[in-house]
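These notes concern the structure reproduced below.
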Amino acid sequence: MTNWHVSPQPDIPAELLEFAGEPFLAQLLAQRGLTTLEQARAFLNPDAYHPASPEALPDMGLAVNRLLQAIERQEVICVWGDFDVDGQTATALLVSTLRDLGANVRFYIPNRLGESHGIKLPALRRILAEGLGVLLTCDTGIAEHEAIAAAQAAGVEVIVTDHHDLAETLPPALAVINPKRLSPDHPLRELPGVGVAYKLAEGLYQACGRSSASEELLDLVALGIVADVARQTGDTRYLLQKGLAVLSQTPRLGLQLLIESAKLAVERLTEAHMGFWLAPRLNALGRLGDANLAVELLTTSDLTRARIIVLQLEALNDRRKLLVDRVVVQALGQLEDTPSLAEYNAIILAAADWHPGVLGIAASRLIDQFGKPTVLLALRPDEPLARGSARSVTGCDIHQALKTQAHLLHSFGGHPRAAGLALAPENITAFRRGLSAAFEGCQPASEKSVTLDALVELPQISPELLASIQRLAPFGEGNPPVQLGCTGLHVVEEKVFGKTGSHKRVAVRDEAGFLQEIIWWGGAAEPSPQGAFDLAFTLSPDDFNGGGIQVEWLAAREWTPAPVVAKPEFVDWRRIENPISHLISHISNRQRSTINSQLSMVWSEGLTLPHLSPLPRHQLAPAETLVVWTAPPGQDIYQQALQAVKPRHIFIVGQPSPFDTLPAFLRQLLGLVKYALTHKEGEVNLDELAAALGHRPATIRLGIDWLAVQGKLSIYADEGDILVLRPDQRPPRPEAAAVENLLQAALAETAAYRRFFREASVAALQKVIG
């Protein structure tokens with residue numbers, strides 16, 4: 001049951017009502033504490049806001065003067081950043097600014113796996129040995145006392161720009177620019193790393209008499225603010241508002257290609273597009289690859305190089321999804337096998353084959369299911385320490401809890417809701433007990449709750465209502481999306497949609513007979529209410545259907561308890577000999593003449609089965625029984641099949657695929673492409689090719705890109721899932737090796753998932769669809 005809280009009706013000053021022009025907007029402003037005309041104007045219109053001067057940040061003048069001196073002397077300036085999107089954009093912003101001002105500049109972002117956050121001495125010593133005048137940090141440095149002291153001792157002056165919490169003492173740098181040194185109510189206090197970097201760039205341009213030049217950097221600022229989930233208050237909101245306008249017309253080649261690759265319309269970009277589409281792609285580089293490539297992408301004017309990096313981003317982002325799915329399934333399997341692990345106040349799990357770069361995302365997924373702080377640790381044979389990520393829930397400060405276990409930890413750091421840590425594997429059991437004790441007084445809500453801004457009726461959902469809500473955009477931390485509620489609804493119809501079948505459209509009717517379609521993201525696996533219910537939802541522009549209104553499902557409160565839906569029965573045939581004969585015998589015993597009736601479906605891709613007529617993923621339909629003959633290429637494809645069939649019985653066979661090696665994959669793909677060139681005028685459907693080879697569409701796209709860069713074909717038209725190909729005969733292009741490496745990695749990850757699928761406990765495979 002979801003607990004509902006409706007925000008109380010606020011007192012609305014008459015002048016605010018007159019300014020807003022209609023009561024609902026005035027109500028929303030007042031509920032956000034914006035009750036004066038000055039507050040409301042500045043919140044809604046960035047042109048009415050007066051941003052703070054860069055000089056308001058401590059040590060800004062020292063930093064500007066020293067950097068201008070370094071530019072004049074042509075000293076080498078090294079910008080040292082961080083590998084998340086805030087750090088990437090901050091680094092790109094400072095590098096762009098310094099290059100524009102004629103500086104001799106280089107940049108460095110540490111590798112997440114090999115170095116982690118901060119300034120590590122081995123890498124710093126290498127850079128110092130190459131000759132350096134100034135070390136300029138961004139989104140890092142506030143706690144790097146030892147490294148900064150080493151740089152200063154080597155005769156290199158250090159300027160720190162950071163936004164993280166202050167240590168007990170400031171590092172021994174020439175200048176430490178950090179908004180946390182300001183009062184809690186200062187308008188610059190909530191700046192993320194890229195915001196601090198921007199104020200430095202603004203100060204540099206002002207000192208050079210080019211104040212307006214800094215505005216061209218606001219596209220990077222907006223992206224970093226959204227990716228870092230920075231609180232929208234004061235200058236942070238102002239910079240995001242201005243940055244969204246710049247981003248819609250960005251001249252930055254890398255961003256243009258990234259937006260194009262994500263299939264977004266640049267003129268309609270919102271904070272949601274950045275948070276759900278652009279930031280994850282850039283973050284994939286920091287999690288799984290080399291974040292220095294992100295800075296190169298955001299600063300390059302080389303079209304070929306930018307395309308190669310974007311291709312790598314797409315491949316890594318797809319790999320990230322695979323890795324997260326695998327970690328979540330394995331974690332659920334551990335909890336199923338050892339239920340006592342879920343009884344602690346914090347869930348702490350470890351495994352040898354988890355990738356450290358995705359553990360934070362996976363931990364957040366587990367929090368969604370269990371509602372308690374979660375720590376996931378990777379155990380690596382070449383690493384003496386278990387390293388991982390912690391995520392927490394509102395009211396349970398994970399960073400403070402980790403401090404109580406400092407005696408068991410090698411290192412840790414973070415925020416109230418997220419942290420990173422490392423410890424000796426032999427300490428994990430004691431750490432689990434200790435952290436659980438630290439959270440003894442923290443009891444996360446066992447039931448979901450939602451706070452509504454207002455209750456409305458279905459007929460009130462209109463373009464005018466949406467326009468009022470959109471005046472409060474951009475939304476985010478500190479300015480949450482407007483949440484509405486409607487009571488007394490019934491489900492009329494529902495339909496699953498999406499490439500992986502994970503979403504659904506639900507048509508609802510109110511007591512007066514009004515109908516409304518609701519989008520339930522990720523709701524395909526969830527049962528819809530059976531009787532009368534109340535719905536919490538949000539409104540947003542519909543990007544996919546001509547700019548109408550999109551109503552998005554948040555939570556439902558049923559008037560009567562929903563009936564319990566029986567879980568599917570799993571039958572494990574992964575280790576039996578001759579599974580075909582077992583299957584045919586099973587069907588015969590149940591007196592079914594063919595396996596392909598509406599009662600049963602055999603899902604197999606890339607393998608022919610004698611006496612049976614298997615179906616690929618896009619031809620599956622509802623049936624009583626699903627036979628998973630070949631091991632799926634990924635968790636999302638597996639979920640897609642389950643959603644398409646909705647079976648009561650699932651037979652797991654999990655045969656290996658013959659097309660997981662590069663030669664076999666390319667040979668089969670080339671044969672299918674040749675057929676399309678001969679018989680279909682070169683038109684191919686990525687989803688159909690993926691089903692034919694038993695792979696993910698992203699892997700198929702990489703395969704086609706490989707054929708293209710090898711000069712064997714050209715892509716004549718690209719409509720996303722549909723490509724039109726033409727035969728070609730040209731020498732391989734320079735990026736051929738990079739594309740082949742990406743394809744090899746994608747095939748390896750798919751093979752790894754198939755191995756997991758064949759070896760995982762049935763309990764793990766059952767738990768993930770529960």
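Going by the structure tokens order, chains are called A, B, ..., each with residues numbered from 1, while ligands are numbered from 1 in the order shown.
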Set the distance at 12 Å and use only C-alpha atoms: which residues neighbour Val684 of chain A once local chain neighbours fewer than 6 positions away are removed? I'd like the list as a PyMOL selection string. chain A and resi 669-670+672-678+690+692+697+700-701+704+715-726
Any chance you could export the current selection's N, CA, C and O atoms as a JSON list (two decimals), in the first residue's frame?
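Just written: out_8.json:
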[["chain", "number", "residue", "atom", "x", "y", "z"],
["A", 669, "LEU", "N", 26.69, -12.91, -39.85],
["A", 669, "LEU", "CA", 26.14, -11.59, -40.13],
["A", 669, "LEU", "C", 26.35, -11.21, -41.58],
["A", 669, "LEU", "O", 25.43, -10.68, -42.23],
["A", 670, "LEU", "N", 27.53, -11.47, -42.12],
["A", 670, "LEU", "CA", 27.80, -11.13, -43.50],
["A", 670, "LEU", "C", 26.87, -11.88, -44.44],
["A", 670, "LEU", "O", 26.38, -11.33, -45.44],
["A", 672, "LEU", "N", 23.78, -12.85, -43.78],
["A", 672, "LEU", "CA", 22.46, -12.22, -43.70],
["A", 672, "LEU", "C", 22.44, -10.87, -44.41],
["A", 672, "LEU", "O", 21.44, -10.50, -45.05],
["A", 673, "VAL", "N", 23.54, -10.13, -44.30],
["A", 673, "VAL", "CA", 23.61, -8.84, -44.99],
["A", 673, "VAL", "C", 23.62, -9.04, -46.50],
["A", 673, "VAL", "O", 22.94, -8.30, -47.24],
["A", 674, "LYS", "N", 24.36, -10.02, -46.97],
["A", 674, "LYS", "CA", 24.38, -10.29, -48.42],
["A", 674, "LYS", "C", 22.99, -10.66, -48.93],
["A", 674, "LYS", "O", 22.59, -10.25, -50.03],
["A", 675, "TYR", "N", 22.26, -11.42, -48.13],
["A", 675, "TYR", "CA", 20.88, -11.76, -48.53],
["A", 675, "TYR", "C", 20.03, -10.50, -48.62],
["A", 675, "TYR", "O", 19.24, -10.33, -49.58],
["A", 676, "ALA", "N", 20.17, -9.59, -47.67],
["A", 676, "ALA", "CA", 19.40, -8.35, -47.70],
["A", 676, "ALA", "C", 19.78, -7.49, -48.90],
["A", 676, "ALA", "O", 18.92, -6.87, -49.53],
["A", 677, "LEU", "N", 21.06, -7.45, -49.24],
["A", 677, "LEU", "CA", 21.50, -6.67, -50.40],
["A", 677, "LEU", "C", 20.92, -7.24, -51.69],
["A", 677, "LEU", "O", 20.59, -6.48, -52.61],
["A", 678, "THR", "N", 20.76, -8.55, -51.73],
["A", 678, "THR", "CA", 20.28, -9.21, -52.96],
["A", 678, "THR", "C", 18.76, -9.21, -53.05],
["A", 678, "THR", "O", 18.20, -8.99, -54.14],
["A", 690, "ALA", "N", 19.23, -9.30, -34.87],
["A", 690, "ALA", "CA", 19.64, -9.69, -33.53],
["A", 690, "ALA", "C", 19.00, -11.02, -33.14],
["A", 690, "ALA", "O", 19.65, -11.90, -32.57],
["A", 692, "ALA", "N", 17.99, -13.34, -35.25],
["A", 692, "ALA", "CA", 18.53, -14.40, -36.10],
["A", 692, "ALA", "C", 19.88, -14.90, -35.59],
["A", 692, "ALA", "O", 20.19, -16.09, -35.71],
["A", 697, "PRO", "N", 20.61, -6.04, -30.19],
["A", 697, "PRO", "CA", 20.65, -5.13, -31.34],
["A", 697, "PRO", "C", 21.91, -4.26, -31.36],
["A", 697, "PRO", "O", 22.45, -3.97, -32.43],
["A", 700, "ILE", "N", 24.68, -6.15, -32.96],
["A", 700, "ILE", "CA", 24.48, -6.22, -34.41],
["A", 700, "ILE", "C", 24.91, -4.91, -35.06],
["A", 700, "ILE", "O", 25.57, -4.90, -36.11],
["A", 701, "ARG", "N", 24.55, -3.79, -34.43],
["A", 701, "ARG", "CA", 24.93, -2.49, -34.99],
["A", 701, "ARG", "C", 26.45, -2.35, -35.02],
["A", 701, "ARG", "O", 27.02, -1.85, -36.00],
["A", 704, "ILE", "N", 27.69, -4.31, -38.01],
["A", 704, "ILE", "CA", 27.50, -3.59, -39.28],
["A", 704, "ILE", "C", 28.48, -2.44, -39.40],
["A", 704, "ILE", "O", 29.04, -2.17, -40.48],
["A", 715, "ILE", "N", 26.58, 2.52, -45.22],
["A", 715, "ILE", "CA", 25.25, 2.71, -44.66],
["A", 715, "ILE", "C", 24.60, 3.87, -45.40],
["A", 715, "ILE", "O", 24.96, 5.03, -45.21],
["A", 716, "TYR", "N", 23.65, 3.53, -46.27],
["A", 716, "TYR", "CA", 23.02, 4.53, -47.15],
["A", 716, "TYR", "C", 21.98, 5.36, -46.39],
["A", 716, "TYR", "O", 21.83, 6.55, -46.61],
["A", 717, "ALA", "N", 21.23, 4.70, -45.49],
["A", 717, "ALA", "CA", 20.22, 5.39, -44.70],
["A", 717, "ALA", "C", 20.17, 4.77, -43.32],
["A", 717, "ALA", "O", 20.34, 3.56, -43.16],
["A", 718, "ASP", "N", 19.95, 5.61, -42.31],
["A", 718, "ASP", "CA", 19.94, 5.15, -40.92],
["A", 718, "ASP", "C", 18.71, 5.72, -40.23],
["A", 718, "ASP", "O", 18.61, 6.91, -39.97],
["A", 719, "GLU", "N", 17.74, 4.83, -39.97],
["A", 719, "GLU", "CA", 16.52, 5.24, -39.28],
["A", 719, "GLU", "C", 16.43, 4.60, -37.90],
["A", 719, "GLU", "O", 15.36, 4.29, -37.40],
["A", 720, "GLY", "N", 17.58, 4.38, -37.29],
["A", 720, "GLY", "CA", 17.60, 3.79, -35.96],
["A", 720, "GLY", "C", 17.60, 2.28, -36.04],
["A", 720, "GLY", "O", 18.66, 1.66, -36.18],
["A", 721, "ASP", "N", 16.43, 1.66, -35.95],
["A", 721, "ASP", "CA", 16.34, 0.21, -36.01],
["A", 721, "ASP", "C", 16.40, -0.32, -37.44],
["A", 721, "ASP", "O", 16.65, -1.50, -37.65],
["A", 722, "ILE", "N", 16.13, 0.55, -38.40],
["A", 722, "ILE", "CA", 16.13, 0.16, -39.82],
["A", 722, "ILE", "C", 17.30, 0.83, -40.52],
["A", 722, "ILE", "O", 17.46, 2.06, -40.45],
["A", 723, "LEU", "N", 18.12, 0.03, -41.20],
["A", 723, "LEU", "CA", 19.23, 0.55, -41.98],
["A", 723, "LEU", "C", 19.07, 0.14, -43.43],
["A", 723, "LEU", "O", 18.52, -0.93, -43.73],
["A", 724, "VAL", "N", 19.53, 0.99, -44.33],
["A", 724, "VAL", "CA", 19.63, 0.64, -45.74],
["A", 724, "VAL", "C", 21.10, 0.59, -46.10],
["A", 724, "VAL", "O", 21.82, 1.58, -45.94],
["A", 725, "LEU", "N", 21.55, -0.57, -46.56],
["A", 725, "LEU", "CA", 22.96, -0.81, -46.83],
["A", 725, "LEU", "C", 23.22, -0.88, -48.32],
["A", 725, "LEU", "O", 22.34, -1.22, -49.11],
["A", 726, "ARG", "N", 24.46, -0.56, -48.70],
["A", 726, "ARG", "CA", 24.88, -0.67, -50.09],
["A", 726, "ARG", "C", 26.25, -1.37, -50.11],
["A", 726, "ARG", "O", 27.08, -1.14, -49.23]]
Using only C-alpha atoms, I'd like a table of the residues in segment 535-633 of chain A that come within 9 Å of segment 647-654 of chain A; for each, show the closest atom pair and its distance in Å rounded to one decimal, ordered by chain and ascending number, as a Markdown table.
| residue | atom | partner | partner_atom | distance |
| --- | --- | --- | --- | --- |
| A:Ala566 | CA | A:Arg648 | CA | 8.3 |
| A:Lys567 | CA | A:Arg648 | CA | 7.4 |
| A:Pro568 | CA | A:Arg648 | CA | 4.5 |
| A:Glu569 | CA | A:His649 | CA | 4.7 |
| A:Phe570 | CA | A:Ile650 | CA | 4.8 |
| A:Val571 | CA | A:Phe651 | CA | 4.7 |
| A:Asp572 | CA | A:Ile652 | CA | 5.1 |
| A:Trp573 | CA | A:Val653 | CA | 4.9 |
| A:Arg574 | CA | A:Val653 | CA | 4.4 |
| A:Arg575 | CA | A:Val653 | CA | 7.9 |
| A:Ile576 | CA | A:Val653 | CA | 8.6 |
| A:Pro579 | CA | A:Val653 | CA | 7.3 |
| A:Ser600 | CA | A:Pro647 | CA | 8.5 |
| A:Pro622 | CA | A:Pro647 | CA | 7.0 |
| A:Ala623 | CA | A:Pro647 | CA | 5.7 |
| A:Glu624 | CA | A:Pro647 | CA | 4.7 |
| A:Thr625 | CA | A:His649 | CA | 4.7 |
| A:Leu626 | CA | A:Ile650 | CA | 4.9 |
| A:Val627 | CA | A:Phe651 | CA | 4.7 |
| A:Val628 | CA | A:Ile652 | CA | 5.1 |
| A:Trp629 | CA | A:Val653 | CA | 4.9 |
| A:Thr630 | CA | A:Gly654 | CA | 4.5 |
| A:Ala631 | CA | A:Gly654 | CA | 4.0 |
| A:Pro632 | CA | A:Gly654 | CA | 7.6 |
If I take atom CA of Leu409 of chain A and atom CA of Leu288 of chain A, how far is one from the other in Å, to one decimal?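 Going from atom CA of Leu409 of chain A over to atom CA of Leu288 of chain A covers 24.4 Å.
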So that I can see what lies close to Glu190 of chain A, please list as a JSON list (two decimals) with N, CA and C atoms, in the first residue's frame the residues with an atom at most 9 Å from it, counting only C-alpha atoms and leaving out residues fewer than 6 positions away in the same chain.
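Contents of part_1.json, as written:
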[["chain", "number", "residue", "atom", "x", "y", "z"],
["A", 163, "HIS", "N", 33.90, 21.02, -4.91],
["A", 163, "HIS", "CA", 32.64, 21.34, -4.24],
["A", 163, "HIS", "C", 32.31, 20.35, -3.13],
["A", 179, "PRO", "N", 32.76, 26.23, -2.78],
["A", 179, "PRO", "CA", 31.59, 26.95, -2.26],
["A", 179, "PRO", "C", 31.20, 26.54, -0.84],
["A", 180, "LYS", "N", 31.71, 25.40, -0.37],
["A", 180, "LYS", "CA", 31.42, 24.99, 1.01],
["A", 180, "LYS", "C", 32.12, 25.91, 2.01],
["A", 184, "PRO", "N", 25.93, 28.80, 4.63],
["A", 184, "PRO", "CA", 24.96, 27.82, 4.10],
["A", 184, "PRO", "C", 23.89, 28.42, 3.20],
["A", 230, "ALA", "N", 22.72, 18.15, -8.76],
["A", 230, "ALA", "CA", 22.97, 19.30, -7.89],
["A", 230, "ALA", "C", 21.65, 19.96, -7.49],
["A", 231, "ARG", "N", 21.63, 20.49, -6.30],
["A", 231, "ARG", "CA", 20.42, 21.13, -5.79],
["A", 231, "ARG", "C", 20.17, 22.44, -6.52],
["A", 232, "GLN", "N", 18.95, 22.59, -7.04],
["A", 232, "GLN", "CA", 18.59, 23.76, -7.83],
["A", 232, "GLN", "C", 18.21, 24.92, -6.93],
["A", 233, "THR", "N", 19.20, 25.65, -6.53],
["A", 233, "THR", "CA", 18.96, 26.85, -5.75],
["A", 233, "THR", "C", 20.01, 27.88, -6.11],
["A", 234, "GLY", "N", 19.67, 29.15, -6.00],
["A", 234, "GLY", "CA", 20.62, 30.22, -6.27],
["A", 234, "GLY", "C", 21.21, 30.14, -7.66],
["A", 235, "ASP", "N", 22.52, 30.33, -7.74],
["A", 235, "ASP", "CA", 23.20, 30.35, -9.05],
["A", 235, "ASP", "C", 23.14, 29.01, -9.76],
["A", 236, "THR", "N", 22.99, 27.92, -9.03],
["A", 236, "THR", "CA", 22.96, 26.60, -9.68],
["A", 236, "THR", "C", 21.76, 26.50, -10.60]]
Please identify all polymer residues within 7 Å of segment 53-65 of chain A, counting only C-alpha atoms, omitting same-chain residues fewer than 5 positions from it, and present them as number ranges by chain. A: 159, 175-177, 179, 199-200, 202-204
Mind pulling up the distance from atom CA of Asp705 of chain A to atom CA of Asn741 of chain A?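 Between atom CA of Asn741 of chain A and atom CA of Asp705 of chain A the gap is 11.9 Å.
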Apply DSSP to the structure's backbone, then extract all residues of segment 367-553 of chain A labelled helix (DSSP H, G or I) and return them as number ranges by chain. A: 367-370, 398-403, 406-408, 425-438, 458-460, 463-470
